[in-house]
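Next comes protein_8.txt, a file with compact mmCIF, C-alpha atoms.
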# COMPACT_ATOMS: atom_id res chain seq x y z
CA MET P 106 7.21 -20.44 -17.32
CA PRO P 107 9.18 -20.43 -20.54
CA ILE P 108 12.81 -19.44 -20.44
CA ALA P 109 14.93 -18.47 -23.45
CA ILE P 110 18.63 -17.76 -23.43
CA HIS P 111 20.32 -15.43 -25.91
CA GLU P 112 24.06 -14.94 -26.09
CA GLN P 113 24.67 -11.36 -27.16
CA ASP P 114 27.68 -9.36 -28.27
CA GLY P 115 30.25 -8.54 -25.66
CA GLY P 116 29.88 -11.81 -23.76
CA ILE P 117 26.50 -10.82 -22.38
CA THR P 118 23.85 -13.45 -21.73
CA ARG P 119 20.24 -12.39 -21.87
CA VAL P 120 17.78 -14.66 -20.10
CA VAL P 121 14.23 -13.99 -21.23
CA LEU P 122 11.55 -15.19 -18.81
CA SER P 123 7.84 -15.13 -19.57
CA GLY P 124 4.53 -15.98 -17.95
CA ARG P 125 4.17 -16.46 -14.24
CA ILE P 126 6.89 -17.16 -11.74
CA ASP P 127 4.68 -18.69 -9.06
CA ILE P 128 5.85 -21.68 -7.06
CA ALA P 129 5.52 -23.99 -10.10
CA GLY P 130 7.14 -21.48 -12.45
CA ALA P 131 10.05 -21.01 -10.08
CA ALA P 132 10.67 -24.77 -10.05
CA GLU P 133 10.85 -24.75 -13.87
CA ILE P 134 13.50 -22.05 -14.04
CA ASP P 135 15.72 -23.14 -11.15
CA LEU P 136 17.90 -25.57 -13.11
CA PRO P 137 18.42 -23.44 -16.25
CA LEU P 138 19.10 -20.39 -14.10
CA SER P 139 21.63 -22.22 -11.96
CA LEU P 140 23.42 -23.48 -15.08
CA ILE P 141 23.64 -19.92 -16.36
CA GLY P 142 24.69 -18.62 -12.99
CA GLY P 143 27.45 -21.19 -12.84
CA THR P 144 28.93 -20.35 -16.23
CA ARG P 145 28.23 -16.69 -17.07
CA ARG P 146 29.60 -13.41 -15.80
CA ALA P 147 27.39 -10.81 -17.50
CA VAL P 148 23.71 -11.60 -17.26
CA ILE P 149 20.60 -9.61 -18.09
CA ILE P 150 17.39 -11.18 -16.81
CA ASP P 151 14.67 -9.82 -19.09
CA LEU P 152 11.37 -9.69 -17.19
CA ALA P 153 9.28 -7.72 -19.69
CA ALA P 154 7.07 -10.72 -20.46
CA VAL P 155 6.66 -11.87 -16.85
CA GLU P 156 3.14 -11.25 -15.65
CA PHE P 157 3.53 -12.43 -12.05
CA ILE P 158 6.22 -13.06 -9.46
CA ALA P 159 6.09 -14.02 -5.79
CA SER P 160 8.66 -15.00 -3.18
CA MET P 161 9.59 -18.39 -4.65
CA GLY P 162 10.36 -16.63 -7.94
CA LEU P 163 12.44 -14.02 -6.11
CA ARG P 164 14.34 -16.85 -4.48
CA SER P 165 15.18 -18.39 -7.87
CA LEU P 166 16.46 -15.07 -9.19
CA VAL P 167 18.49 -14.31 -6.07
CA ILE P 168 20.15 -17.74 -5.93
CA ALA P 169 21.20 -17.52 -9.58
CA GLY P 170 22.26 -13.90 -9.15
CA LYS P 171 24.41 -14.66 -6.13
CA THR P 172 26.26 -17.36 -8.06
CA VAL P 173 27.21 -14.80 -10.71
CA LEU P 174 28.06 -12.10 -8.16
CA GLN P 175 30.25 -14.40 -6.11
CA LYS P 176 32.42 -14.86 -9.22
CA ARG P 177 32.62 -11.06 -9.52
CA GLY P 178 30.22 -11.11 -12.42
CA ARG P 179 27.25 -8.76 -12.93
CA VAL P 180 23.53 -9.44 -13.05
CA VAL P 181 20.67 -7.02 -13.66
CA LEU P 182 16.92 -7.17 -14.14
CA LEU P 183 15.38 -5.63 -17.26
CA ALA P 184 12.00 -3.96 -17.71
CA PRO P 185 9.67 -5.64 -15.19
CA VAL P 186 6.06 -4.46 -15.47
CA PRO P 187 4.97 -2.26 -12.52
CA ALA P 188 3.23 -5.05 -10.55
CA VAL P 189 6.34 -7.25 -10.83
CA ALA P 190 8.68 -4.35 -10.03
CA GLU P 191 6.70 -3.62 -6.89
CA VAL P 192 7.28 -7.16 -5.57
CA ILE P 193 11.00 -6.93 -6.34
CA VAL P 194 11.44 -3.50 -4.73
CA THR P 195 9.27 -4.26 -1.67
CA SER P 196 11.39 -7.27 -0.85
CA GLY P 197 14.64 -5.36 -1.42
CA VAL P 198 15.83 -7.75 -4.11
CA ASP P 199 16.64 -4.79 -6.38
CA GLU P 200 19.45 -3.91 -3.98
CA LEU P 201 21.22 -7.05 -5.10
CA LEU P 202 19.82 -7.27 -8.65
CA PRO P 203 19.28 -3.72 -9.92
CA ILE P 204 16.37 -2.94 -12.22
CA TYR P 205 16.87 -1.17 -15.53
CA ALA P 206 14.02 -0.01 -17.74
CA LEU P 207 16.00 0.15 -20.96
CA GLU P 208 18.11 -2.51 -22.64
CA ALA P 209 20.94 -0.09 -23.41
CA GLU P 210 21.25 0.77 -19.72
CA ALA P 211 21.21 -2.90 -18.75
CA ILE P 212 23.94 -3.71 -21.25
CA ALA P 213 26.09 -0.86 -19.97
CA ALA P 214 25.58 -2.07 -16.40
CA VAL P 215 26.73 -5.66 -16.98
CA GLN P 216 29.50 -5.06 -19.48
CA PRO P 217 32.93 -5.89 -18.09
CA ASP P 218 35.01 -2.75 -17.50
CA MET A 268 -18.94 -2.70 -7.68
CA ALA A 269 -19.84 -6.24 -6.60
CA ALA A 270 -22.98 -7.08 -4.64
CA PRO A 271 -22.06 -7.60 -0.98
CA ASP A 272 -23.13 -11.23 -0.93
CA GLN A 273 -20.79 -12.41 -3.68
CA ILE A 274 -18.42 -15.01 -2.42
CA TRP A 275 -16.06 -17.47 -4.11
CA CYS A 276 -14.49 -20.57 -2.62
CA LEU A 277 -11.65 -22.91 -3.56
CA ARG A 278 -10.52 -26.01 -1.68
CA LEU A 279 -7.19 -27.62 -2.27
CA GLY A 280 -4.77 -30.05 -0.69
CA PRO A 281 -1.30 -29.06 0.50
CA ALA A 282 0.66 -30.73 -2.31
CA LEU A 283 2.66 -28.07 -4.13
CA ALA A 284 1.23 -29.22 -7.47
CA GLU A 285 -2.20 -28.06 -6.29
CA LEU A 286 -1.04 -24.47 -5.95
CA ALA A 287 -1.12 -24.14 -9.74
CA GLN A 288 -4.90 -23.80 -9.36
CA LEU A 289 -4.59 -20.47 -7.57
CA TYR A 290 -3.73 -18.25 -10.51
CA PRO A 291 -6.51 -19.37 -12.93
CA TRP A 292 -9.05 -19.46 -10.10
CA MET A 293 -8.24 -15.87 -9.14
CA THR A 294 -8.48 -14.83 -12.82
CA GLU A 295 -12.05 -16.19 -12.95
CA VAL A 296 -12.99 -14.66 -9.61
CA ALA A 297 -11.61 -11.27 -10.64
CA GLN A 298 -13.66 -11.31 -13.81
CA ALA A 299 -16.86 -12.36 -12.02
CA ALA A 300 -16.31 -9.84 -9.24
CA GLY A 301 -15.30 -6.91 -11.42
CA LEU A 302 -12.09 -6.65 -9.40
CA PRO A 303 -9.93 -3.74 -10.59
CA ASP A 304 -6.56 -4.79 -12.05
CA PRO A 305 -4.38 -3.04 -9.45
CA VAL A 306 -6.25 -4.79 -6.63
CA LEU A 307 -6.07 -8.11 -8.46
CA ALA A 308 -2.30 -7.78 -8.73
CA ARG A 309 -2.03 -7.31 -4.96
CA VAL A 310 -4.42 -10.13 -4.17
CA ARG A 311 -2.54 -12.52 -6.45
CA VAL A 312 0.74 -12.02 -4.60
CA VAL A 313 -0.84 -12.36 -1.16
CA LEU A 314 -2.85 -15.41 -2.21
CA GLU A 315 0.32 -17.12 -3.48
CA GLU A 316 2.29 -16.24 -0.35
CA ALA A 317 -0.40 -17.16 2.17
CA VAL A 318 -1.33 -20.48 0.60
CA SER A 319 2.23 -21.55 -0.20
CA ASN A 320 3.24 -20.78 3.42
CA VAL A 321 0.55 -23.12 4.64
CA ALA A 322 1.35 -25.79 2.05
CA ARG A 323 5.07 -25.76 2.74
CA HIS A 324 5.06 -25.48 6.53
CA GLY A 325 1.69 -26.47 7.89
CA PHE A 326 1.56 -30.17 7.09
CA PRO A 327 3.87 -33.17 7.39
CA PRO A 328 5.59 -33.95 4.06
CA GLY A 329 3.26 -35.89 1.79
CA GLY A 330 0.54 -35.62 4.40
CA ALA A 331 -3.13 -35.05 3.80
CA GLY A 332 -4.72 -31.78 4.68
CA GLU A 333 -7.12 -29.21 3.45
CA ILE A 334 -6.74 -25.56 2.61
CA GLU A 335 -9.80 -23.46 1.95
CA VAL A 336 -9.64 -20.11 0.19
CA VAL A 337 -12.58 -17.73 0.21
CA PHE A 338 -12.73 -14.40 -1.60
CA ARG A 339 -15.53 -11.93 -1.05
CA ALA A 340 -16.46 -8.34 -1.55
CA GLU A 341 -17.05 -6.18 1.54
CA PRO A 342 -17.53 -2.84 -0.20
CA PRO A 343 -15.44 -0.82 -0.51
CA ASP A 344 -12.92 -3.50 0.48
CA TRP A 345 -12.16 -7.04 -0.60
CA VAL A 346 -11.42 -9.92 1.75
CA LEU A 347 -9.36 -13.05 1.22
CA ALA A 348 -9.78 -15.71 3.88
CA VAL A 349 -7.38 -18.66 4.00
CA SER A 350 -8.07 -21.47 6.43
CA ASP A 351 -6.42 -24.84 6.92
CA ASP A 352 -6.34 -27.80 9.27
CA GLY A 353 -2.56 -27.89 9.58
CA ILE A 354 -0.38 -27.10 12.58
CA ALA A 355 -1.15 -23.91 14.46
CA PHE A 356 0.73 -20.96 13.01
CA ASP A 357 -0.01 -17.28 13.54
CA PRO A 358 1.74 -15.15 10.91
CA THR A 359 0.67 -11.96 12.68
CA ALA A 360 2.83 -12.97 15.64
CA VAL A 361 6.03 -13.00 13.56
CA PRO A 362 7.88 -9.76 14.26
CA ALA A 363 8.29 -7.44 11.32
CA ARG A 364 11.80 -7.18 9.95
CA THR A 365 13.47 -4.00 11.09
CA SER A 366 15.93 -4.00 8.22
CA LYS A 367 16.11 -5.48 4.76
CA PRO A 368 17.63 -8.98 4.79
CA ASN A 369 21.26 -9.33 3.82
CA LEU A 370 20.73 -11.12 0.55
CA LEU A 371 24.32 -12.23 0.20
CA ASP A 372 24.05 -14.36 3.36
CA ASP A 373 20.38 -15.19 3.42
CA THR A 374 19.47 -17.92 0.96
CA GLU A 375 15.95 -18.72 2.01
CA GLY A 376 14.64 -15.19 1.73
CA GLY A 377 11.55 -15.20 3.87
CA TRP A 378 10.00 -12.41 1.88
CA GLY A 379 6.48 -13.78 1.99
CA LEU A 380 5.28 -12.17 5.22
CA GLY A 381 6.78 -8.82 4.26
CA LEU A 382 4.90 -8.92 0.97
CA ILE A 383 1.63 -9.82 2.70
CA ARG A 384 2.02 -6.94 5.13
CA HIS A 385 2.91 -4.55 2.31
CA TYR A 386 -0.17 -5.31 0.25
CA CYS A 387 -2.87 -5.82 2.89
CA ALA A 388 -4.84 -3.09 4.57
CA GLY A 389 -5.58 -5.50 7.41
CA ILE A 390 -4.46 -8.94 8.58
CA ALA A 391 -6.21 -11.00 11.27
CA TYR A 392 -5.56 -14.50 12.57
CA ARG A 393 -7.47 -16.83 14.81
CA ARG A 394 -7.21 -20.51 15.67
CA GLN A 395 -10.59 -22.18 16.00
CA ALA A 396 -11.72 -25.81 16.23
CA GLY A 397 -8.38 -27.12 15.01
CA ARG A 398 -8.11 -24.74 12.07
CA ASN A 399 -5.99 -21.71 11.30
CA HIS A 400 -8.02 -18.80 9.96
CA LEU A 401 -6.19 -15.97 8.24
CA THR A 402 -8.23 -13.00 7.06
CA LEU A 403 -6.58 -10.57 4.64
CA ARG A 404 -8.21 -7.30 3.72
CA PHE A 405 -7.57 -5.23 0.59
CA ALA A 406 -8.63 -1.64 0.08
CA GLY A 407 -10.90 -1.21 -2.93
CA GLY A 408 -9.18 0.14 -6.04
Kindly transcribe the structure held in the file into C-alpha cells.
Amino acid sequence: MPIAIHEQDGGITRVVLSGRIDIAGAAEIDLPLSLIGGTRRAVIIDLAAVEFIASMGLRSLVIAGKTVLQKRGRVVLLAPVPAVAEVIVTSGVDELLPIYALEAEAIAAVQPD
Amino acid sequence: MAAPDQIWCLRLGPALAELAQLYPWMTEVAQAAGLPDPVLARVRVVLEEAVSNVARHGFPPGGAGEIEVVFRAEPPDWVLAVSDDGIAFDPTAVPARTSKPNLLDDTEGGWGLGLIRHYCAGIAYRRQAGRNHLTLRFAGG
C-alpha cells in the first residue's frame, strides 16, 4: 500500500495512495496519514490508483480526515474507481470526506477561502 | 459460466497477518471460475469484512483458531461460505442501522456489516458442532 505525499501550490497537500487498502494496507498508511492529519489543513487524498478498499481502510481515512476537520481544515477524496467509490458511498464516508472526480474541483474544494 | 461442482477452499488462522492471503487467493479463484469483474469486486469486499470480523472478534488475542473459506458456483449465483471455530457470533442478528453513523463522534466505524448486507443477495448463519457458519450469496453478473 504505497503512499506518496506531494506538497502543491496554495498550501495544498496531495496524498497519493495506491494498491489495496485491506487490513494490512490500512496498517501501513495509518502513521503517515496521522502525521499529515496532524500538520496539514488542505488535503486531497488521491485514490485513482487504489484498487480495493474495505472498512479498515475507511477507518484510516476517516481518522486522518477528522484530525484535519477538527482544526477547521478541509479534506477531500479524488477520483476513486467505481468499485472503491461504491464502498465509500455505501458506508456514508463521502458525507464527511466528499468525492471529486476532477483534480481542479478537488483543489477548489480544499483551498482556504 | 462455471460447472456447478467447482469449489475452492482456503484455510487460515486468525492472526491478522494471515488475512493478506485473501486478496491473491480470490484473484486466482476468480480467474479459474470465470467470475465477472463486477461480482469479483463485491465478493472481495465481503470476503475481507467477513473474515476480518472473525479474526478480530472471534478468538482470544494471540489464540489459535481456524477459519475456513469456501467459494463455489451455484449458477446463476455464487456462494461464499466462511466458517470458524471461534466464539459464537451471529451477524444476521445484529440490527441494521437505521441511520448513517455520525462520523464525527464515531471512531470505530462498524461499517463492515452494512457493506456485507449491501453487496449480498442473501446472508445465512448457523452454529453447528462448535463452529460458526456464515453463507453469503452473490447474484451472478
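Shortest atom-to-atom contact with Ile193 of chain P among P:Ala169, P:Ile158, P:Leu136, P:Ala109: P:Ile158, counting all atoms listed in the file.
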Taking a cut-off of 6 Å and counting only C-alpha atoms, can you build a table that, for each residue of chain A near chain P, reports the nearest atom pair and how far apart they are in Å (one decimal), sorted by chain then residue number, as a Markdown table?
| residue | atom | partner | partner_atom | distance |
| --- | --- | --- | --- | --- |
| A:Val312 | CA | P:Ala159 | CA | 5.8 |
| A:Trp378 | CA | P:Ser160 | CA | 5.8 |
| A:Gly379 | CA | P:Ser160 | CA | 5.7 |
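Using only C-alpha atoms, the contacts of Leu183 of chain P at a cut-off of 8 Å, with sequence neighbours closer than 2 positions omitted, comprise P:Ile149, P:Ile150, P:Asp151, P:Leu152, P:Ala153, P:Val181, P:Pro185, P:Ile204, P:Tyr205, P:Ala206, P:Leu207, P:Glu208, P:Ala211.
The space separating atom CA of Val346 of chain A from atom CA of Pro327 of chain A comes to 28.4 Å.
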query = Could you state the separation of atom CA of Leu140 of chain P and atom CA of Ile110 of chain P in Å, given to one decimal place?
reply = 11.2 Å
Counting only C-alpha atoms, the option among P:Leu166, P:Asp135, P:Gly143, P:Ser123 closest to Asp199 of chain P =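 Closest residue, counting only C-alpha atoms: P:Leu166.
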Distance query Asn399 of chain A at most 6 Å, all atoms listed in the file, self and fewer than 5 positions along chain excluded, as a PyMOL selection string = chain A and resi 350-351+394
ask   = Could you state the separation of atom CA of Leu283 of chain A and atom CA of Leu138 of chain P in Å, given to one decimal place?
value =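 Atom-to-atom, atom CA of Leu283 of chain A and atom CA of Leu138 of chain P are spaced 20.7 Å apart.
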request  = Check the smallest atom-to-atom distance from each of A:Ala317, A:Ala340, A:Met293, A:Ala388 to Asp357 of chain A using only C-alpha atoms, then report the winner.
outcome  =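 Going through A:Ala317, A:Ala340, A:Met293, A:Ala388 one by one, the smallest distance to Asp357 of chain A is for A:Ala317.
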remark   = Restricting to all atoms listed in the file, whichever of A:Gly330, A:Gly377, A:Ala406, A:Val361 is closest to Val306 of chain A is A:Ala406
